[in-house]
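Visitor: Can you read through this structure? Questions will come right after.
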Amino acid sequence: MKFQKRLLRAEPNFQILTKLWQVNWLYVLLICALAVIGYGALYSAGGGTSRPFAGPQSIRFCFGLVMMLGIALMSPAILVRMAWPLYIFSLILLVAVLRMGHVGKGAERWLMLGGMQVQPSELAKIALVLMLASWFHKISYRSMGNPLMLVPPALMVLLPVALVLKEPNLGTAVIIGTVGASLFFGAGMRLWQIALLVLPMPFLARIAYGHLHDYQKARVTTFLHPESDPLGAGYNIIQSKIALGSGGMWGQGYLRGTQGQLNFLPEKQTDFIFTMIAEEWGYVGGITVIAMLLLLVFGGMLIAMRSRNQFGRLLGLGISMNFFLYCAVNLSMVMGAIPVGGVPLPLISYGGSAMLMVMFGFGLLMSAWVHRNSTFGETTPGEKD
Amino acid sequence: MKLRKKKSGNRLMSRPEEGKNPSRGVFTRRALLLMAAQGAVLGALGERLYGLQVLNGSHYAKLAENNRLSKRFFAPPRGRITDRFGISVAANRINWRALLLAEETSDINGTLERFAQLVPLEPRDSVRIEHELRHKRRFIPIMLRDFLSWDDMARLELNMPSLPGVLIDVGTTRVYPFGPLMAHVVGYVAPPAEKDVVHNAELALPGMRVGRSGIEQTQDLNLRGQVGSVEMEVNAVGRVMAELDRDPGLTGDEIALTIDSGLQQQVLGRIGDQSASAVVMDCRNGEVLAMVSNPSFDPSLFDSGVSQAQWIEWTNNSQTPLINKAVSGLYPPGSTFKPAVAMAALRAGTLTPSDRINCPGYIDVGGTRFHCWSRYGHGTINLRQGLKYSCDVFFYEVARRTGMDPIAATSELFGLGAKLPEIELPHVRQGLIPTPTWRRAHGHHWNGGDTIVSGIGQGFVQVTPLQLATYASRIATGRNVQPHLIRSVAGRMADLTDLGRAPGMDMPEHFFEDIRAGMFAVVNEEGGTAPKARLDIPGVQMAGKTGSAQVRRVSRAMRESGHFNSANLPWEYRPHALFICFAPYDAPRYATAVVIEHGNAGADVAAPLARDIMTDTLRRDPVNHREPPGQEVAQAEVD
């Protein structure tokens, strides 16, 4: 309520309906199209019924859609104010999940909050994007040249990364780190600073590998030689490749993908939902889904570029990068290009908090679009907000 | 920058000079760079997808089929074995059994407990079930009990709701309606041994049986049939989702034996409880009409496993119930060998039918005295009389003149001590007609006396009852008949069943006539050794030859003491009683050989038995019937 009053006070002439009209409906349509594909895939993964997966997921999507539109109406000022509390809240959840979280399948930590499973790392990603966007929004491009100015945002990134690593969820930690890095990059981090950071990376990676959990190392080794352990850790990769390959050019037909329907495909409703789609719809279906995902990513980047304030740009960049990384990691994983890690395919995979957080992210992106012409708080030389 | 100018009119959103902030330009360049990277990554993934799905699609499709399809095999019903009239002697009985599918019950122990209340489980079963529960996967059924009775079934069916996971299933077991009567010929089956399974994986299928003896063993491959299969779609844990294709397999071939089960029964009845063997043959085509070896055993015991006690009892029995004496029992032929010796001499020219030899009751050869069975001798006699009286001295002399090698050669032509290639039984023994060469090969010297003793079928000579019957058939017909037990396989008549197909014996017919006449005299003439073998059927006569084969050398002291009577010896030292014969004399159709172990005297024991068997055979006349003659045989209640 407080936010709403503030919103009305800040831009009194901006009516809610006008703002809704400003929403990029083409983009929303694309999101809905992917969600429909997801519904169809979950319907098939449920063995031709909507009961186990598709039904609940569609309700979540509708809820997420409403939430997205609600957030799209919020002005950057409100969002910036939300950044700190949300970020702190996400850190608290990350700590809480370490203390009393439930573990499913070795990683994927979740908390029970009000009868709902919540994966704090999902929230942490969005909160971090919001946090970094508002941080870089507040400092000037010139002050970025001072490395000291980069220390607080670096800590903002490292804190959730460390907590997620501790869960331990390597895949998500890498995504959070990369999203953070992309924001640094987009915010105008100097090239020499980047070089200084990137050069010692191989050395650090070696040390990091030594600290990986055994099951994570197993993923790396079985990824390199999946046939060495066909019924163990390599099973997922092999079965996924078999299912993809058996789809061929045109697919085995909807609800007729043998590998998915007969459960040879593991985690078909979550991590391997894309395999299921590509088995039943073939390469044609698979490449269509990839193209639509790419459209969403590029759309988000274009929205970011269209914004006249640094906050909106960085928000758009962060959300798009986050979405892109999700897609890229999941797709690489199901195609056996990188080791398996519990990263779902956004909008399509079954899962409540992932869906809500993706829609939350799109809400922020829409807000950036709706308020693209606001130069709110831009610390330009010679001017103050 | 164009953009900024255009939008600068927006009174609410735009502020002047915001474009001076260099961050937007930097951002746009860097965002485009990131977009290029994003496009490259997703493009590369699309390319990889193309490789997986389109370029290597067929390879993965094949792997997917392997994942999905599972072929399961099931044992086909074993072929039936019938007698010559189609009466089952080995068949399959439906076996209802209770199985437990562990994955379908949440409370295995509860189910088992309730099951045991309805159908008692033996401790042995319980142990086995527990073992299988631990070692088999949960979707593979475990056998709880087989051979369920109708009562058991009814109780189980009624209580099915309280027995989750219990299934009732049907399989087959082998049954032998005639039990011990045909056990030696038909044989028996048993579950395959592990080494069989190594060589033939089909045998691992539940319900598969392997023939372990008799026709079941030699015709195992014909009887086994073709394994059926079901191609199924299975899911990742191996559970069947759908049946795609079913090959019912092929029931094993039905095998019809030459045996007449009714005659077999009668022969066994005649033998009673003596340890004996009898073979009845169609002497024109070699079909074995009856083959009895007594005592016998129950072949069905082997299917479920023979108990230790039963096994010990069988193997310790001096009358060897497990051995088919007709083909595996080796006996000295005794005087039944004499026709063969006579034929050898006739062929060698060392004897003519009219040659006369004096029998004073003994003969001295090389310083050893060989006695005739008659202490008083038979006087001067010819071949016909020699056979009729079974004079030992006559044949000592004939053997001495002829020499062992021609005797051995001729006997082997008669099938004695020779392989009988057509007989479809395992463990067929060849016996032995000794020759000097054979003796030397074993490091001994062949004495002249060895030939003499062999002349009356003693010494090293050993033959089987089946060989004796074959020998009688060949004498009767002058044809090289081959004994065999199989009349047809899967409805196809076996070879050799055609009348007169057997080739001639390469011996002059008039020699045969001389020998047959001697054998006729044995039975039908006054003073012959086997008057008790005379048939009681008007117009039908039988020719035969007695034999009493010593199993232990009778010392001169014993013989000359005058008190010697072999009937007083312990059973296992008494001579075997033998008889070979054929009838009707003027148109031979049936030949029989009888060996009674330690039966003492061929003339007194074997001859009447052979007469009875021949009488039964002639009355039934199985070779001229298409249906089982008489009412003696009841159709067993199996299919």
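Ligands are numbered from 1 in the order shown, chains are lettered A, B, ... in the order of the structure tokens, and residues start at 1 in each chain.
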Within 8 Å of Arg611 in chain B, counting only C-alpha atoms, which residues show up once you throw out same-chain ones fewer than 2 positions away? Write them as a ChimeraX atom specification, please.
Guide: /B:532-535,607-609,613-615
Visitor: Counting only C-alpha atoms, which residues from chain A have an atom at most 7 Å from any atom of chain B, and could you show them as a list in words?
Guide: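 Result, ordered by chain then number: Tyr141, Gly186, Ala187, Gly188, Ile242, Ala243, Leu244, Gly245, Ser246, Gly247, Gly248, Met249, Gln259, Leu262, Asn263, Phe264, Tyr283, Ile287, Phe298, Met301, Met305, Ala328, Ser332, Asn373, Ser374, Thr375, Thr380 and Pro381 of chain A.
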Visitor: Would you export the selected residues with N, CA and C atoms as an mmCIF file, in the first residue's frame, please?
Guide:
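Output below, filename out_34.cif:
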data_model
loop_
_atom_site.group_PDB
_atom_site.id
_atom_site.type_symbol
_atom_site.label_atom_id
_atom_site.label_comp_id
_atom_site.auth_asym_id
_atom_site.auth_seq_id
_atom_site.Cartn_x
_atom_site.Cartn_y
_atom_site.Cartn_z
ATOM 1 N N TYR A 141 29.423 6.342 -14.012
ATOM 2 C CA TYR A 141 30.269 5.551 -14.879
ATOM 3 C C TYR A 141 31.732 5.823 -14.557
ATOM 4 N N GLY A 186 28.153 -5.021 -18.112
ATOM 5 C CA GLY A 186 27.222 -4.076 -18.707
ATOM 6 C C GLY A 186 27.302 -2.701 -18.056
ATOM 7 N N ALA A 187 27.652 -2.672 -16.772
ATOM 8 C CA ALA A 187 27.671 -1.414 -16.050
ATOM 9 C C ALA A 187 28.878 -0.567 -16.442
ATOM 10 N N GLY A 188 29.808 -1.184 -17.169
ATOM 11 C CA GLY A 188 30.929 -0.393 -17.650
ATOM 12 C C GLY A 188 32.223 -0.659 -16.917
ATOM 13 N N ILE A 242 20.020 -40.736 -26.185
ATOM 14 C CA ILE A 242 19.271 -41.751 -26.925
ATOM 15 C C ILE A 242 17.875 -41.224 -27.265
ATOM 16 N N ALA A 243 17.254 -40.602 -26.273
ATOM 17 C CA ALA A 243 15.894 -40.109 -26.496
ATOM 18 C C ALA A 243 15.891 -39.013 -27.550
ATOM 19 N N LEU A 244 16.865 -38.100 -27.459
ATOM 20 C CA LEU A 244 16.947 -37.026 -28.453
ATOM 21 C C LEU A 244 17.135 -37.627 -29.832
ATOM 22 N N GLY A 245 18.094 -38.552 -29.933
ATOM 23 C CA GLY A 245 18.422 -39.138 -31.220
ATOM 24 C C GLY A 245 17.260 -39.900 -31.810
ATOM 25 N N SER A 246 16.501 -40.568 -30.962
ATOM 26 C CA SER A 246 15.406 -41.364 -31.503
ATOM 27 C C SER A 246 14.273 -40.465 -32.001
ATOM 28 N N GLY A 247 14.320 -39.200 -31.635
ATOM 29 C CA GLY A 247 13.301 -38.281 -32.142
ATOM 30 C C GLY A 247 13.476 -37.985 -33.621
ATOM 31 N N GLY A 248 14.734 -37.962 -34.074
ATOM 32 C CA GLY A 248 14.986 -37.725 -35.495
ATOM 33 C C GLY A 248 14.560 -36.339 -35.938
ATOM 34 N N MET A 249 14.291 -36.219 -37.207
ATOM 35 C CA MET A 249 13.942 -34.910 -37.763
ATOM 36 C C MET A 249 12.538 -34.494 -37.362
ATOM 37 N N GLN A 259 10.989 -43.311 -25.208
ATOM 38 C CA GLN A 259 11.930 -43.232 -24.097
ATOM 39 C C GLN A 259 11.342 -42.440 -22.931
ATOM 40 N N LEU A 262 8.203 -44.371 -21.429
ATOM 41 C CA LEU A 262 8.540 -45.604 -20.706
ATOM 42 C C LEU A 262 9.516 -45.350 -19.572
ATOM 43 N N ASN A 263 9.703 -44.075 -19.257
ATOM 44 C CA ASN A 263 10.520 -43.711 -18.091
ATOM 45 C C ASN A 263 12.002 -44.016 -18.228
ATOM 46 N N PHE A 264 12.473 -44.296 -19.469
ATOM 47 C CA PHE A 264 13.913 -44.455 -19.600
ATOM 48 C C PHE A 264 14.586 -43.108 -19.373
ATOM 49 N N TYR A 283 13.653 -32.774 -34.346
ATOM 50 C CA TYR A 283 14.542 -31.624 -34.439
ATOM 51 C C TYR A 283 13.747 -30.363 -34.716
ATOM 52 N N ILE A 287 14.307 -27.266 -32.301
ATOM 53 C CA ILE A 287 14.928 -26.014 -32.762
ATOM 54 C C ILE A 287 13.926 -24.865 -32.642
ATOM 55 N N PHE A 298 16.901 -12.262 -26.626
ATOM 56 C CA PHE A 298 17.215 -11.066 -27.418
ATOM 57 C C PHE A 298 16.225 -9.948 -27.136
ATOM 58 N N MET A 301 17.242 -8.273 -24.058
ATOM 59 C CA MET A 301 18.430 -7.446 -24.260
ATOM 60 C C MET A 301 18.058 -6.143 -24.969
ATOM 61 N N MET A 305 18.430 -2.298 -23.764
ATOM 62 C CA MET A 305 19.110 -1.232 -24.516
ATOM 63 C C MET A 305 18.209 -0.021 -24.720
ATOM 64 N N ALA A 328 20.746 -22.059 -21.527
ATOM 65 C CA ALA A 328 21.978 -22.595 -22.093
ATOM 66 C C ALA A 328 22.485 -23.767 -21.248
ATOM 67 N N SER A 332 22.524 -27.483 -22.722
ATOM 68 C CA SER A 332 23.833 -28.148 -22.828
ATOM 69 C C SER A 332 23.826 -29.439 -22.034
ATOM 70 N N ASN A 373 11.466 5.215 -20.638
ATOM 71 C CA ASN A 373 11.819 6.602 -20.943
ATOM 72 C C ASN A 373 12.079 7.443 -19.700
ATOM 73 N N SER A 374 11.869 6.838 -18.540
ATOM 74 C CA SER A 374 12.160 7.570 -17.306
ATOM 75 C C SER A 374 13.658 7.635 -17.124
ATOM 76 N N THR A 375 14.165 8.802 -16.796
ATOM 77 C CA THR A 375 15.589 8.932 -16.555
ATOM 78 C C THR A 375 15.845 8.947 -15.066
ATOM 79 N N THR A 380 23.768 11.744 -13.893
ATOM 80 C CA THR A 380 24.526 12.303 -15.015
ATOM 81 C C THR A 380 25.306 13.507 -14.527
ATOM 82 N N PRO A 381 26.373 13.781 -15.194
ATOM 83 C CA PRO A 381 27.173 14.929 -14.743
ATOM 84 C C PRO A 381 26.326 16.186 -14.754
#
Visitor: Which distance in Å separates CA of Phe337 in chain B and CA of Arg270 in chain B, to one decimal?
Guide: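 Taking CA of Phe337 in chain B as the start and CA of Arg270 in chain B as the end point, the length is 24.4 Å.
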Visitor: Near Ala35 in chain A, within 10 Å and counting only C-alpha atoms, which residues show up once chain neighbours fewer than 5 positions away are dropped, as a count of residues only?
Guide: 13
Visitor: Just the residues within 6 Å of range 311-327 of chain A, please, counting only C-alpha atoms, with nothing from its chain fewer than 3 positions along; format it as a list in words.
Guide: Val129, Ala133, Ser134, His137, Val179, Val297, Gly300, Met301, Ala304, Met305, Ser307, Asn330, Leu331, Leu345, Gly361, Leu365 and Ala368 of chain A
Visitor: Restricting the calculation to only C-alpha atoms, which member of A:Val334, A:Ser353, A:Met82, A:Arg206 is positioned closest to Met112 in chain A?
Guide: A:Ser353
Visitor: Which residue is closest to Lys19 in chain A? Choose from A:Ala33, A:Ile78, A:Gly336, A:Gly70 and count only C-alpha atoms.
Guide: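 For Lys19 in chain A, the nearest of the candidates is A:Gly70.
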Visitor: Near Phe414 in chain B, counting only C-alpha atoms, which residues have an atom at most 12 Å away, once you skip same-chain residues fewer than 2 positions from it, shown as a PyMOL selection string?
Guide: chain B and resi 337+339-341+343-344+407-412+416-420+433+463+466-483+504-507+512
Visitor: For the residues in that selection, give me N, CA and C atoms as a compact mmCIF listing (two decimals), in the first residue's frame.
Guide:
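And here is the file that came out, result-v2.txt:
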# COMPACT_ATOMS: atom_id res chain seq x y z
N PHE B 337 23.51 -119.55 -28.50
CA PHE B 337 24.55 -119.14 -29.44
C PHE B 337 24.76 -120.20 -30.52
N PRO B 339 22.99 -121.85 -32.83
CA PRO B 339 22.62 -121.65 -34.24
C PRO B 339 23.62 -120.76 -34.97
N ALA B 340 24.15 -119.77 -34.28
CA ALA B 340 25.13 -118.89 -34.93
C ALA B 340 26.41 -119.64 -35.25
N VAL B 341 26.83 -120.49 -34.30
CA VAL B 341 28.03 -121.30 -34.53
C VAL B 341 27.79 -122.24 -35.71
N MET B 343 25.74 -121.79 -38.22
CA MET B 343 25.74 -121.02 -39.47
C MET B 343 27.17 -120.70 -39.89
N ALA B 344 28.00 -120.36 -38.90
CA ALA B 344 29.39 -120.04 -39.20
C ALA B 344 30.08 -121.25 -39.82
N ILE B 407 33.38 -117.73 -36.63
CA ILE B 407 32.23 -117.72 -35.72
C ILE B 407 31.88 -116.28 -35.33
N ALA B 408 32.93 -115.55 -34.99
CA ALA B 408 32.70 -114.15 -34.59
C ALA B 408 32.10 -113.36 -35.74
N ALA B 409 32.62 -113.58 -36.95
CA ALA B 409 32.14 -112.82 -38.11
C ALA B 409 30.66 -113.11 -38.34
N THR B 410 30.29 -114.38 -38.29
CA THR B 410 28.89 -114.73 -38.55
C THR B 410 27.98 -114.21 -37.44
N SER B 411 28.44 -114.35 -36.17
CA SER B 411 27.60 -113.86 -35.07
C SER B 411 27.34 -112.38 -35.20
N GLU B 412 28.36 -111.69 -35.62
CA GLU B 412 28.16 -110.24 -35.74
C GLU B 412 27.17 -109.90 -36.84
N LEU B 416 24.88 -110.25 -32.96
CA LEU B 416 25.39 -110.58 -31.64
C LEU B 416 26.74 -109.90 -31.44
N GLY B 417 26.91 -109.26 -30.33
CA GLY B 417 28.16 -108.55 -30.06
C GLY B 417 28.39 -107.43 -31.06
N ALA B 418 27.33 -107.01 -31.74
CA ALA B 418 27.48 -105.99 -32.78
C ALA B 418 26.64 -104.76 -32.41
N LYS B 419 26.98 -103.67 -33.01
CA LYS B 419 26.17 -102.46 -32.82
C LYS B 419 24.84 -102.64 -33.53
N LEU B 420 23.77 -102.18 -32.89
CA LEU B 420 22.47 -102.17 -33.55
C LEU B 420 22.16 -100.70 -33.82
N ILE B 433 31.88 -110.64 -28.93
CA ILE B 433 32.20 -111.97 -29.41
C ILE B 433 33.74 -112.01 -29.44
N VAL B 463 26.18 -110.95 -24.79
CA VAL B 463 25.22 -110.30 -25.69
C VAL B 463 24.09 -109.72 -24.86
N LEU B 466 18.24 -107.71 -26.51
CA LEU B 466 17.79 -107.15 -27.78
C LEU B 466 18.57 -107.78 -28.94
N GLN B 467 19.87 -108.00 -28.72
CA GLN B 467 20.67 -108.66 -29.76
C GLN B 467 20.14 -110.08 -30.01
N LEU B 468 19.76 -110.74 -28.95
CA LEU B 468 19.24 -112.11 -29.10
C LEU B 468 17.95 -112.10 -29.91
N ALA B 469 17.07 -111.11 -29.64
CA ALA B 469 15.82 -111.03 -30.38
C ALA B 469 16.08 -110.71 -31.85
N THR B 470 17.06 -109.82 -32.09
CA THR B 470 17.43 -109.47 -33.45
C THR B 470 17.96 -110.71 -34.19
N TYR B 471 18.79 -111.43 -33.47
CA TYR B 471 19.39 -112.68 -33.97
C TYR B 471 18.28 -113.68 -34.34
N ALA B 472 17.30 -113.82 -33.45
CA ALA B 472 16.19 -114.73 -33.74
C ALA B 472 15.42 -114.25 -34.97
N SER B 473 15.22 -112.94 -35.08
CA SER B 473 14.50 -112.39 -36.23
C SER B 473 15.26 -112.68 -37.52
N ARG B 474 16.57 -112.51 -37.46
CA ARG B 474 17.35 -112.69 -38.68
C ARG B 474 17.40 -114.16 -39.10
N ILE B 475 17.43 -115.05 -38.10
CA ILE B 475 17.36 -116.47 -38.44
C ILE B 475 16.00 -116.76 -39.07
N ALA B 476 14.94 -116.17 -38.49
CA ALA B 476 13.58 -116.47 -38.94
C ALA B 476 13.35 -116.01 -40.37
N THR B 477 13.90 -114.84 -40.73
CA THR B 477 13.57 -114.26 -42.02
C THR B 477 14.72 -114.34 -43.01
N GLY B 478 15.92 -114.56 -42.52
CA GLY B 478 17.08 -114.51 -43.41
C GLY B 478 17.35 -113.11 -43.90
N ARG B 479 16.79 -112.16 -43.20
CA ARG B 479 16.98 -110.77 -43.61
C ARG B 479 17.66 -109.98 -42.51
N ASN B 480 18.34 -108.94 -42.94
CA ASN B 480 19.14 -108.17 -42.00
C ASN B 480 18.24 -107.15 -41.31
N VAL B 481 17.28 -107.61 -40.53
CA VAL B 481 16.34 -106.66 -39.91
C VAL B 481 17.06 -105.87 -38.80
N GLN B 482 16.66 -104.64 -38.69
CA GLN B 482 17.25 -103.77 -37.67
C GLN B 482 16.19 -103.43 -36.63
N PRO B 483 16.45 -103.74 -35.40
CA PRO B 483 15.44 -103.41 -34.39
C PRO B 483 15.35 -101.91 -34.20
N GLY B 504 18.83 -108.84 -47.68
CA GLY B 504 19.14 -110.22 -47.33
C GLY B 504 20.43 -110.31 -46.54
N MET B 505 20.68 -111.51 -46.02
CA MET B 505 21.79 -111.67 -45.08
C MET B 505 23.09 -112.14 -45.72
N ASP B 506 23.10 -112.35 -47.03
CA ASP B 506 24.30 -112.86 -47.69
C ASP B 506 24.67 -114.25 -47.11
N MET B 507 23.64 -115.02 -46.80
CA MET B 507 23.85 -116.40 -46.37
C MET B 507 22.83 -117.24 -47.15
N PHE B 512 19.79 -121.45 -43.70
CA PHE B 512 18.79 -120.96 -42.74
C PHE B 512 17.76 -122.05 -42.48
Visitor: Which of range 54-257 of chain A counts as helix (DSSP H, G or I) under DSSP, as a PyMOL selection string please?
Guide: chain A and resi 54-72+76-100+120-138+142-145+147-166+170-187+191-198+201-210+214-224+226-228+235-247
Visitor: Produce a file of the selected residues containing C-alpha atoms, as a compact mmCIF listing (two decimals), in the first residue's frame.
Guide:
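The resulting file, out.txt, is shown below:
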# COMPACT_ATOMS: atom_id res chain seq x y z
CA ALA A 54 0.63 -29.89 -16.33
CA GLY A 55 -2.38 -28.80 -14.27
CA PRO A 56 -0.56 -27.47 -11.21
CA GLN A 57 2.06 -25.87 -13.42
CA SER A 58 -0.51 -23.98 -15.48
CA ILE A 59 -2.06 -22.59 -12.30
CA ARG A 60 1.36 -21.42 -11.20
CA PHE A 61 1.93 -19.83 -14.55
CA CYS A 62 -1.35 -17.92 -14.40
CA PHE A 63 -0.45 -16.75 -10.93
CA GLY A 64 3.00 -15.80 -12.19
CA LEU A 65 1.49 -13.92 -15.12
CA VAL A 66 -0.61 -11.77 -12.81
CA MET A 67 2.41 -11.20 -10.60
CA MET A 68 4.49 -10.23 -13.62
CA LEU A 69 1.96 -7.62 -14.73
CA GLY A 70 1.75 -6.28 -11.19
CA ILE A 71 5.50 -5.83 -11.00
CA ALA A 72 5.56 -4.35 -14.48
CA PRO A 76 12.02 2.02 -10.86
CA ALA A 77 11.95 4.08 -7.67
CA ILE A 78 9.93 1.45 -5.92
CA LEU A 79 12.01 -1.34 -7.30
CA VAL A 80 15.21 0.31 -6.13
CA ARG A 81 13.73 0.56 -2.67
CA MET A 82 12.81 -3.08 -2.80
CA ALA A 83 16.36 -4.10 -3.75
CA TRP A 84 17.98 -4.03 -0.34
CA PRO A 85 15.17 -5.72 1.63
CA LEU A 86 14.76 -8.37 -1.05
CA TYR A 87 18.47 -9.03 -1.21
CA ILE A 88 18.77 -9.35 2.57
CA PHE A 89 15.68 -11.56 2.62
CA SER A 90 17.17 -13.84 -0.01
CA LEU A 91 20.40 -14.12 1.98
CA ILE A 92 18.42 -15.02 5.09
CA LEU A 93 16.60 -17.70 3.14
CA LEU A 94 19.90 -19.01 1.79
CA VAL A 95 21.26 -19.29 5.31
CA ALA A 96 18.01 -20.82 6.52
CA VAL A 97 18.05 -23.43 3.80
CA LEU A 98 21.56 -24.42 4.83
CA ARG A 99 20.42 -24.78 8.42
CA MET A 100 17.09 -26.51 8.00
CA PRO A 120 15.99 -19.64 -2.10
CA SER A 121 18.66 -19.71 -4.79
CA GLU A 122 15.98 -18.87 -7.37
CA LEU A 123 15.03 -15.77 -5.42
CA ALA A 124 18.68 -14.95 -4.77
CA LYS A 125 19.38 -14.61 -8.49
CA ILE A 126 16.61 -12.09 -9.05
CA ALA A 127 17.41 -10.25 -5.84
CA LEU A 128 21.04 -10.00 -6.86
CA VAL A 129 20.14 -8.58 -10.27
CA LEU A 130 17.92 -6.01 -8.61
CA MET A 131 20.58 -5.22 -6.04
CA LEU A 132 23.42 -4.81 -8.51
CA ALA A 133 21.26 -2.82 -10.90
CA SER A 134 20.34 -0.35 -8.21
CA TRP A 135 23.94 -0.21 -6.95
CA PHE A 136 25.44 0.53 -10.36
CA HIS A 137 22.56 2.87 -11.04
CA LYS A 138 23.63 4.98 -8.11
CA ARG A 142 33.43 7.46 -14.00
CA SER A 143 33.55 6.24 -10.46
CA MET A 144 33.59 2.69 -11.86
CA GLY A 145 37.19 3.36 -12.78
CA PRO A 147 38.42 -0.42 -8.23
CA LEU A 148 37.32 0.29 -4.67
CA MET A 149 33.88 1.13 -5.99
CA LEU A 150 33.64 -2.42 -7.31
CA VAL A 151 34.33 -4.07 -3.97
CA PRO A 152 30.83 -3.74 -2.45
CA PRO A 153 29.03 -5.12 -5.53
CA ALA A 154 31.61 -7.90 -5.75
CA LEU A 155 30.78 -8.85 -2.18
CA MET A 156 27.08 -8.73 -3.10
CA VAL A 157 27.79 -11.35 -5.74
CA LEU A 158 30.18 -13.50 -3.74
CA LEU A 159 27.94 -13.79 -0.70
CA PRO A 160 25.05 -15.64 -2.40
CA VAL A 161 27.51 -17.56 -4.59
CA ALA A 162 29.31 -18.84 -1.51
CA LEU A 163 26.05 -19.78 0.21
CA VAL A 164 24.73 -21.60 -2.85
CA LEU A 165 28.05 -23.39 -3.28
CA LYS A 166 27.74 -24.54 0.28
CA LEU A 170 27.46 -25.86 -8.37
CA GLY A 171 25.26 -25.18 -11.39
CA THR A 172 23.24 -22.44 -9.73
CA ALA A 173 26.35 -20.92 -8.16
CA VAL A 174 27.96 -20.64 -11.59
CA ILE A 175 24.81 -19.05 -12.98
CA ILE A 176 24.62 -16.49 -10.14
CA GLY A 177 28.29 -15.68 -10.56
CA THR A 178 27.95 -15.28 -14.30
CA VAL A 179 24.84 -13.11 -14.03
CA GLY A 180 26.71 -10.91 -11.57
CA ALA A 181 29.70 -10.72 -13.87
CA SER A 182 27.51 -9.76 -16.81
CA LEU A 183 26.11 -6.87 -14.79
CA PHE A 184 29.62 -5.67 -13.99
CA PHE A 185 30.34 -5.91 -17.66
CA GLY A 186 27.22 -4.08 -18.71
CA ALA A 187 27.67 -1.41 -16.05
CA LEU A 191 38.68 -3.69 -19.59
CA TRP A 192 41.88 -3.68 -17.55
CA GLN A 193 39.86 -4.59 -14.50
CA ILE A 194 38.30 -7.49 -16.39
CA ALA A 195 41.69 -8.68 -17.58
CA LEU A 196 43.02 -8.53 -14.03
CA LEU A 197 40.17 -10.75 -12.89
CA VAL A 198 40.08 -13.22 -15.77
CA MET A 201 40.93 -17.84 -13.38
CA PRO A 202 42.48 -21.10 -14.64
CA PHE A 203 44.57 -21.26 -11.50
CA LEU A 204 41.55 -20.69 -9.29
CA ALA A 205 39.54 -23.27 -11.24
CA ARG A 206 42.12 -25.91 -10.37
CA ILE A 207 41.78 -25.12 -6.70
CA ALA A 208 38.01 -25.09 -6.99
CA TYR A 209 37.97 -28.53 -8.62
CA GLY A 210 39.81 -29.87 -5.60
CA ASP A 214 32.66 -36.39 -5.08
CA TYR A 215 29.34 -36.52 -6.86
CA GLN A 216 30.19 -33.30 -8.65
CA LYS A 217 33.55 -34.70 -9.71
CA ALA A 218 31.75 -37.83 -10.86
CA ARG A 219 29.59 -35.64 -13.05
CA VAL A 220 32.65 -34.10 -14.61
CA THR A 221 34.32 -37.45 -15.27
CA THR A 222 31.19 -39.19 -16.53
CA PHE A 223 30.55 -36.22 -18.74
CA LEU A 224 33.93 -36.78 -20.33
CA PRO A 226 29.63 -41.22 -20.23
CA GLU A 227 29.91 -44.83 -21.40
CA SER A 228 32.19 -45.70 -18.49
CA TYR A 235 22.89 -43.01 -17.25
CA ASN A 236 21.16 -39.65 -17.45
CA ILE A 237 23.38 -38.35 -20.23
CA ILE A 238 23.21 -41.53 -22.28
CA GLN A 239 19.46 -41.90 -21.93
CA SER A 240 18.93 -38.26 -22.80
CA LYS A 241 21.05 -38.55 -25.94
CA ILE A 242 19.27 -41.75 -26.92
CA ALA A 243 15.89 -40.11 -26.50
CA LEU A 244 16.95 -37.03 -28.45
CA GLY A 245 18.42 -39.14 -31.22
CA SER A 246 15.41 -41.36 -31.50
CA GLY A 247 13.30 -38.28 -32.14
Visitor: Given the choices A:Trp110, A:Phe272, A:Trp281, A:Trp25, which gets closest to Ile37 in chain A if the distance is worked out from only C-alpha atoms?
Guide: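 The shortest atom-to-atom distance to Ile37 in chain A comes from A:Trp281.
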Visitor: To one decimal in Å, tell me the separation between CA of Ser318 in chain B and CA of Pro421 in chain B.
Guide: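 CA of Pro421 in chain B lies 29.2 Å from CA of Ser318 in chain B.
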